[in-house]
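Contents: one structure, followed by commentary.
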Amino acid sequence: MKKGQRLTDLIGEEKARRGVLVLAHTYQPPAVQAAADVTGDSFALARAAKGRPEKRVVMCGVRFMAETVKLLSPEKEVLLADARASCPMAEQIEPARVLAFKKENPGVPVVAYINTTAALKAVCDVCVTSSSAVRIVSSLREKDILFIPDQNLGAWVQSRLPEKHLILWDGCCPVHRALTAADVIKAKKAHPGALLAVHPECLPEVTRLADMVGSTAEIIAYALAAERGVIIGTERGVWDLLKQRHPEKELYLLAPRKLTCPDMKYTTPRALLGCVRGAGGEIIELDPAVMRGAARCVEKMLELGG
Ligand code: SF4
């Protein structure tokens, strides 16, 4: 038996013995995803955890994802598998900046991408995920809307909803933001005939050239259904997973050197094992007022069909 498999089996035994649920985002390394009970997008993971009996949850992802699990399951003990893992985009905007905007712009709703800290969600009006953003923004009565933090996702939503006026700030995902139209041209030349599926956190110059723009779950579904090659334009964990589970598919990674999120790669199977055993990781603790405010923001998204 290979060493990696032994470790996966050991994590499985410890999870069962201790009643621990392990969640892994699709950007996590394949060996971490292999040891998880549930894999997927951040909000899908938080929803999955809510319906599970385990009282202890380990999130292999970044901090805002573990916070979202805690918001939906406040009665559970939630651990972030590696305390260093935080999403730079989630922390780009201070709650005080939003509060100041609201004071100066009464009546303008503030929409927060799910990739935000709980403290930031707590001062916003409604959350969105990359797959629900167009639907939720479209359902708002107001024309003028502040959309934070990702200006590229905001620009994508704006392109789908010309009747709205989205105010965008300067936030972005440094990983997806690095992709350029030149990368697309190069990849299409290297893989003629292949389709291009990208995440809406990419620059407009990239989304404009894509055959499909969607969340990681939507990109995976698209790649699996495609009858020809697909170039994947999102963090490489998605491509790694697809290649491992579907080696027969013709899949390429758009600009491989750019598509690794360092924060998503901190968690290792060995560290996960320690975390399941109760050693390591970070217990997520949220201030009760932050918890109430952020939960309201997430509930509003669910109420609007997110
Ligand atoms: S890929 Fe981008 S949005 Fe996702 S965790 Fe990394 S920095 Fe944040």
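How things are named: the first chain in the structure tokens is A, the next is B, and so on; residues count from 1 in each chain; ligands count from 1 in the order shown.
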
Give me, as a ChimeraX atom specification, the set of residues whose atoms come within 8 Å of any atom of ligand 1, counting only C-alpha atoms and all ligand atoms.
/A:27,61-62,86-90,115,172-176,201,234-235,260-264

Exercise: Ala48 (chain A) partners within 12 Å, only C-alpha atoms, chain neighbours under 4 positions left out, as a list in words:
Leu21, Val22, Leu23, Ala24, Asp37, Val38, Thr39, Gly40, Asp41, Ser42, Phe43, Ala44, Arg52, Pro53, Glu54, Val57, Met59, Thr68, Val69, Leu72 and Ser73 of chain A

Find the spatial neighbours of Glu75 (chain A), counting only C-alpha atoms, within a cut-off of 10 Å - ignore same-chain residues fewer than 3 positions away - and output them as a ChimeraX atom specification.
/A:50,55-56,70-72,78

Please produce a file of the residues just selected, as a compact mmCIF listing (two decimals), in the first residue's frame, where the atoms kept are C-alpha atoms.
```txt
# COMPACT_ATOMS: atom_id res chain seq x y z
CA LYS A 50 -25.31 22.02 8.49
CA LYS A 55 -20.31 18.08 16.22
CA ARG A 56 -16.76 18.82 15.09
CA LYS A 70 -19.64 28.41 11.74
CA LEU A 71 -22.34 30.91 10.68
CA LEU A 72 -24.56 28.14 9.37
CA VAL A 78 -15.37 24.44 13.53
```

Name the residues of region 89-159 of chain A that fall into alpha helix (DSSP H) according to DSSP on the backbone, using the chain letters and numbers of this document, as a ChimeraX atom specification.
/A:95-104,118-121,133-139,151-159

Can you tell me which residues surround Gly214 (chain A) at a distance of at most 9 Å, considering only C-alpha atoms, apart from same-chain residues fewer than 5 positions away, and format the answer as a PyMOL selection string?
chain A and resi 130-131+197-200+219

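Using only C-alpha atoms, the protein and nucleic acid residues lying no more than 12 Å from Gly4 (chain A), apart from those fewer than 6 places from it along its own chain, are Leu10, Ile11, Pro30, Ala31, Val32, Ala34, Ala35, Thr268, Pro269 and Arg270 of chain A.
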
The selected residues should be written to file as a compact mmCIF listing (two decimals), in the first residue's frame (atoms: N, CA and C atoms).
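Result file is out30.txt:
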```txt
# COMPACT_ATOMS: atom_id res chain seq x y z
N LEU A 10 -5.80 6.27 7.46
CA LEU A 10 -5.66 6.62 8.87
C LEU A 10 -6.58 7.80 9.22
N ILE A 11 -6.62 8.79 8.34
CA ILE A 11 -7.51 9.95 8.57
C ILE A 11 -8.96 9.45 8.62
N PRO A 30 -5.10 17.40 -4.25
CA PRO A 30 -5.88 16.16 -4.41
C PRO A 30 -5.81 15.23 -3.21
N ALA A 31 -4.63 15.12 -2.57
CA ALA A 31 -4.51 14.19 -1.43
C ALA A 31 -5.38 14.64 -0.26
N VAL A 32 -5.58 15.94 -0.11
CA VAL A 32 -6.45 16.45 0.97
C VAL A 32 -7.91 16.20 0.59
N ALA A 34 -8.98 13.84 -1.21
CA ALA A 34 -9.24 12.40 -1.13
C ALA A 34 -9.59 11.98 0.30
N ALA A 35 -9.10 12.74 1.29
CA ALA A 35 -9.35 12.38 2.69
C ALA A 35 -10.61 13.04 3.26
N THR A 268 -1.87 20.01 4.49
CA THR A 268 -1.31 18.74 4.01
C THR A 268 -2.09 17.60 4.69
N PRO A 269 -2.06 16.38 4.12
CA PRO A 269 -2.76 15.26 4.78
C PRO A 269 -2.24 15.02 6.20
N ARG A 270 -0.94 15.20 6.41
CA ARG A 270 -0.39 14.96 7.76
C ARG A 270 -0.95 15.99 8.75
```

Smallest atom-to-atom distance to Leu146 (chain A): which of A:Pro109, A:Asp170, A:Arg177, A:Leu161, using only C-alpha atoms?
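The closest residue to Leu146 (chain A) is A:Pro109.
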
Contacts of region 280-284 of chain A at 10 Å or less, counting only C-alpha atoms, minus same-chain residues fewer than 5 places along, as a list in words?
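Non-adjacent residues within range: Val57, Val58, Met59, Cys60, Arg63, Phe64, Ala66, Glu67, Thr68, Val69, Lys70, Glu77, Val78, Leu79, Leu80, Ala81, Asp82, Ala83, Arg84, Thr267, Ala271, Leu272, Leu273, Gly274 and Cys275 of chain A.
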
Shell around Pro288 (chain A) at 12 Å using only C-alpha atoms, local window under 5 positions removed, as a PDB file with N, CA and C atoms, in the first residue's frame:
```pdb
ATOM      1  N   LYS A  70     -19.241  28.060  10.374  1.00  0.00           N
ATOM      2  CA  LYS A  70     -19.642  28.415  11.745  1.00  0.00           C
ATOM      3  C   LYS A  70     -20.967  29.208  11.743  1.00  0.00           C
ATOM      4  N   LEU A  71     -21.108  30.109  10.749  1.00  0.00           N
ATOM      5  CA  LEU A  71     -22.345  30.913  10.677  1.00  0.00           C
ATOM      6  C   LEU A  71     -23.570  30.027  10.487  1.00  0.00           C
ATOM      7  N   PRO A  74     -23.734  27.204  14.139  1.00  0.00           N
ATOM      8  CA  PRO A  74     -23.088  27.801  15.321  1.00  0.00           C
ATOM      9  C   PRO A  74     -22.894  26.827  16.469  1.00  0.00           C
ATOM     10  N   ALA A 118     -16.339  37.374   8.116  1.00  0.00           N
ATOM     11  CA  ALA A 118     -17.645  37.486   8.788  1.00  0.00           C
ATOM     12  C   ALA A 118     -17.862  38.930   9.238  1.00  0.00           C
ATOM     13  N   ALA A 119     -16.774  39.603   9.672  1.00  0.00           N
ATOM     14  CA  ALA A 119     -16.887  40.989  10.141  1.00  0.00           C
ATOM     15  C   ALA A 119     -17.359  41.904   9.012  1.00  0.00           C
ATOM     16  N   ALA A 122     -21.040  41.238   8.170  1.00  0.00           N
ATOM     17  CA  ALA A 122     -21.923  41.774   9.208  1.00  0.00           C
ATOM     18  C   ALA A 122     -22.385  43.206   8.921  1.00  0.00           C
ATOM     19  N   GLY A 293     -24.900  39.603  12.641  1.00  0.00           N
ATOM     20  CA  GLY A 293     -24.927  40.446  11.441  1.00  0.00           C
ATOM     21  C   GLY A 293     -24.576  39.653  10.188  1.00  0.00           C
ATOM     22  N   ALA A 294     -23.542  38.809  10.289  1.00  0.00           N
ATOM     23  CA  ALA A 294     -23.104  38.033   9.121  1.00  0.00           C
ATOM     24  C   ALA A 294     -24.147  36.978   8.760  1.00  0.00           C
ATOM     25  N   ALA A 295     -24.755  36.369   9.783  1.00  0.00           N
ATOM     26  CA  ALA A 295     -25.786  35.347   9.522  1.00  0.00           C
ATOM     27  C   ALA A 295     -26.977  35.988   8.807  1.00  0.00           C
TER      28      ALA A 295
END
```
